[in-house]
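Student: Handing you this structure, nothing more for now.
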Amino acid sequence: MREPGRASGGAGFTLARALGLCGVFLVLVVAAFLVAVRFGDEPISLSTVLGDPGSTDAVIFWSLRLPRALLAAIVGAGLAASGSTLQGVLRNPLADPFILGVSGGAALGATLALAVGLGTVGQVASGLTVGLARLSAPALFAFLGAAAAMVFVLVASQGHGGRAPYAALLIGVVFNSFASAAITVIKTLSDPNRLGEIVYWLVGSLGYERIGTLALSALLQGGAIGVMLALSGRLNLLTLGDDDAASLGVSVAATRRVLLLAASASVAGAVAISGLIGFVGLIVPHLLRLAFGPDQRLLVPLSALGGAAFLMLADLLARLALPLFGNPLPVGAVTALLGGPLFLSLLYRSGRVPVA
C-alpha cells in the first residue's frame with residue numbers, strides 16, 4: 001500500500017504553493033497565446049492589429065489567429081485535465097483521455113457523417129444551431145457518438161464493485177476496437193473522394209470556429225474541469241484503494257462515476273470540434289506528475305493550463321509547416337511526432353522501460 005501522505009498530497013500541498021504554480025503556468029499560457037497569434041506562415045504585427053482595425057494584419061488576427069488559438073487552448077485544457085483525472089481514477093499513469101471508448105464513438109459518428117456526405121471538416125452550413133454556436137454535421141455526429149459511447153461504458157461497468165475501474169477500462173478498449181473495425185469498413189465502402197476528409201478528421205485538426213462555438217466549448221470544458229477539480233481531493237483518496245477510501249468517508253462508487261462522467265464529457269466536447277488529437281492528455285499530466293508529484297489537487301489545474309499551452313504551440317508548428325509542405329499539417333500529427341519520443345524518454349528516465 002502507498003503511504004497515505006504521498007497519495008493524498010501530504011505536507012507537499014499548500015494553497016500558497018498551488019496558487020503560485022498556477023500563476024506561473026498561467027503566464028506560460030499567456031506567452032504561448034501571444035506567440036501563437038503573432039507568428040505563422042505570415043507573421044503579423046500586434047501593434048498594427050490594435051492601431052489599424054482595417055489592416056490585413058487585423059483581419060488575419062481576428063478572423064484566423066485568435067479563434068484558432070482559443071480553440072487550441074480550450075481543447076488542450078480539456079484533454080490534459082481529463083487525462084490527469086482518468087489516470088487517477090483508473091490507477092494507471094499510462095491511461096489517456098481516449099481509453100474509455102469516447103474517442104471510438106466520436107470517430108465512428110464523424111466518419112458516418114463524412115462518408116454519407118452530410119458535411120465536410122470545417123463546414124457549418126448543414127450543421128445545427130445550439131445557442132449562438134453552429135456545429136457542423138461531423139462535429140454534431142461526433143459528439144452524439146461520443147456521448148453514446150460514454151453512456152454505454154459507464155452503464156456496462158456498473159455492478160463490478162472494486163473492479164469497476166478495470167471493467168470500464170476493458171470495456172472502453174473493446175469498444176474502441178469495435179469502432180476502429182467499423183470505421184475501416186466504412187472507409188472501404190466510401191467514395192474515394194471523401195476518404196481524405198475522413199483521414200484528416202481522424203488524425204485531429206483545428207479549424208476556425210465561430211465565437212458562439214468557442215463560448216459553448218469553453219463553457220462545457222469549464223464545467224467539466226470544475227467538477228474534476230472539486231473532486232480532486234477525493235480522487236487522491238481513491239488512489240489508496242476502494243476500502244481505504246471508503247474508511248476515510250469517500251463514497252467510492254458515486255465519486256468514481258461523477259469523475260468518469262466529467263472526464264468523458266470533457267473528452268467528448270474536445271473531440272467533437274477537433275478530431276482525435278493524441279498524446280496531449282497522456283504527455284502533459286505524466287510530465288507534471290514526475291515534476292510535482294501525484295496530488296490531483298495540483299495536477300488537474302496545472303494539466304489544464306499546461307495542455308492549453310502545449311496544444312497552442314503544437315498548432316503553431318503545424319501552421320509554420322505550411323510553406324515547407326504546401327499544406328498545413330494536422331495538429332494531431334504534430335502532437336504524435338512530439339509526444340511519442342518525449343513519452344519514451346520520460347518512461348526511460350523514470351525506469352519504467354527495461355533496456356537490454
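In the C-alpha cells, chains take letters A, B, ... by order of appearance, with residues numbered from 1 within each chain and ligands from 1 in the order shown.
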Could you pull out the helix (DSSP H, G or I) residues of segment 31-183 of chain A, going by DSSP on the backbone, and write them as a PyMOL selection string?
Tutor: chain A and resi 31-38+46-51+56-89+102-115+137-156+161-183
Student: Contacts between segment 143-149 of chain A and segment 212-284 of chain A, please, where a residue of segment 212-284 of chain A counts if it comes within 10 Å (with only C-alpha atoms); show its shortest atom pair and distance in Å to one decimal, rows by chain and ascending number, as CSV.
Tutor:
```
residue,atom,partner,partner_atom,distance
A:Leu261,CA,A:Ala147,CA,9.9
A:Ser264,CA,A:Ala147,CA,8.1
A:Ala265,CA,A:Ala147,CA,7.4
A:Val267,CA,A:Ala146,CA,8.3
A:Ala268,CA,A:Ala146,CA,5.3
A:Gly269,CA,A:Phe143,CA,6.6
A:Ala270,CA,A:Phe143,CA,8.9
A:Val271,CA,A:Phe143,CA,7.5
A:Ala272,CA,A:Phe143,CA,5.0
A:Ile273,CA,A:Phe143,CA,8.5
```
Student: Kindly save the residues from that selection, with C-alpha atoms included, as a compact mmCIF listing (two decimals), in the first residue's frame.
Tutor:
```
# COMPACT_ATOMS: atom_id res chain seq x y z
CA LEU A 261 -18.70 11.30 -16.40
CA SER A 264 -15.75 11.73 -20.59
CA ALA A 265 -17.87 14.84 -21.20
CA VAL A 267 -13.21 14.49 -23.99
CA ALA A 268 -16.45 14.34 -25.97
CA GLY A 269 -16.59 18.12 -26.25
CA ALA A 270 -12.95 18.34 -27.32
CA VAL A 271 -13.05 15.52 -29.85
CA ALA A 272 -16.28 16.79 -31.45
CA ILE A 273 -14.61 20.01 -32.64
```
Student: So, counting only C-alpha atoms, which residue among A:Thr335, A:Gly306, A:Tyr348, A:Ala230 is closest to Val24 of chain A?
Tutor: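 Of A:Thr335, A:Gly306, A:Tyr348, A:Ala230, the one nearest Val24 of chain A, counting only C-alpha atoms, is A:Gly306.
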Student: Go through A:Leu64, A:Ala182, A:Ile283, A:Leu202 and flag the residue nearest Pro341 of chain A, using only C-alpha atoms for the distances.
Tutor: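 Selected residue with least distance to Pro341 of chain A: A:Ile283.
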Student: Which of these, A:Val89, A:Ala142, A:Ala253, A:Leu287, has the shortest distance to Leu344 of chain A once you count only C-alpha atoms?
Tutor: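 Of A:Val89, A:Ala142, A:Ala253, A:Leu287, the one nearest Leu344 of chain A is A:Leu287, counting only C-alpha atoms.
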Student: Which polymer residues have any atom within 9 Å of an atom of Arg65 of chain A, counting only C-alpha atoms, with same-chain residues fewer than 5 positions away left out, as number ranges by chain?
Tutor: A: 36-40, 60, 70, 208
Student: So, counting only C-alpha atoms, which residue among A:Pro301, A:Gly54, A:Gly109, A:Gly88 is closest to Leu140 of chain A?
Tutor: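 Closest candidate: A:Gly109.
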Student: Which one is closest to Ala139 of chain A: A:Leu305, A:Leu235, A:Leu206, A:Leu169? Count only C-alpha atoms.
Tutor: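 Among the listed residues, the smallest separation from Ala139 of chain A belongs to A:Leu206.
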Student: Compare A:Asn327, A:Thr188, A:Ser303, A:Thr213 by their minimum atom-to-atom distance to Pro67 of chain A, counting only C-alpha atoms, and give me the closest one.
Tutor: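 The shortest atom-to-atom distance to Pro67 of chain A comes from A:Thr213.
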Student: Which residues, written as a short mmCIF file (atom, residue, chain, number, x, y, z; two decimals) with N, CA and C atoms, in the first residue's frame, have at least one atom at most 10 Å from Val227 of chain A, with only C-alpha atoms counted and residues fewer than 6 positions away on the same chain left out?
Tutor:
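Result file selection35.cif:
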```cif
data_model
loop_
_atom_site.label_atom_id
_atom_site.label_comp_id
_atom_site.auth_asym_id
_atom_site.auth_seq_id
_atom_site.Cartn_x
_atom_site.Cartn_y
_atom_site.Cartn_z
N GLN A 221 -16.11 22.77 -21.17
CA GLN A 221 -14.82 22.40 -20.56
C GLN A 221 -14.67 23.01 -19.18
N VAL A 258 -19.02 10.08 -11.04
CA VAL A 258 -19.06 11.50 -11.41
C VAL A 258 -17.76 11.92 -12.10
N LEU A 259 -16.63 11.42 -11.61
CA LEU A 259 -15.35 11.76 -12.23
C LEU A 259 -15.25 11.20 -13.65
N LEU A 261 -17.75 10.55 -15.59
CA LEU A 261 -18.70 11.30 -16.40
C LEU A 261 -18.13 12.66 -16.79
N ALA A 262 -17.52 13.36 -15.84
CA ALA A 262 -16.94 14.68 -16.13
C ALA A 262 -15.80 14.58 -17.13
N ALA A 263 -14.90 13.60 -16.92
CA ALA A 263 -13.78 13.44 -17.84
C ALA A 263 -14.26 13.05 -19.23
#
```
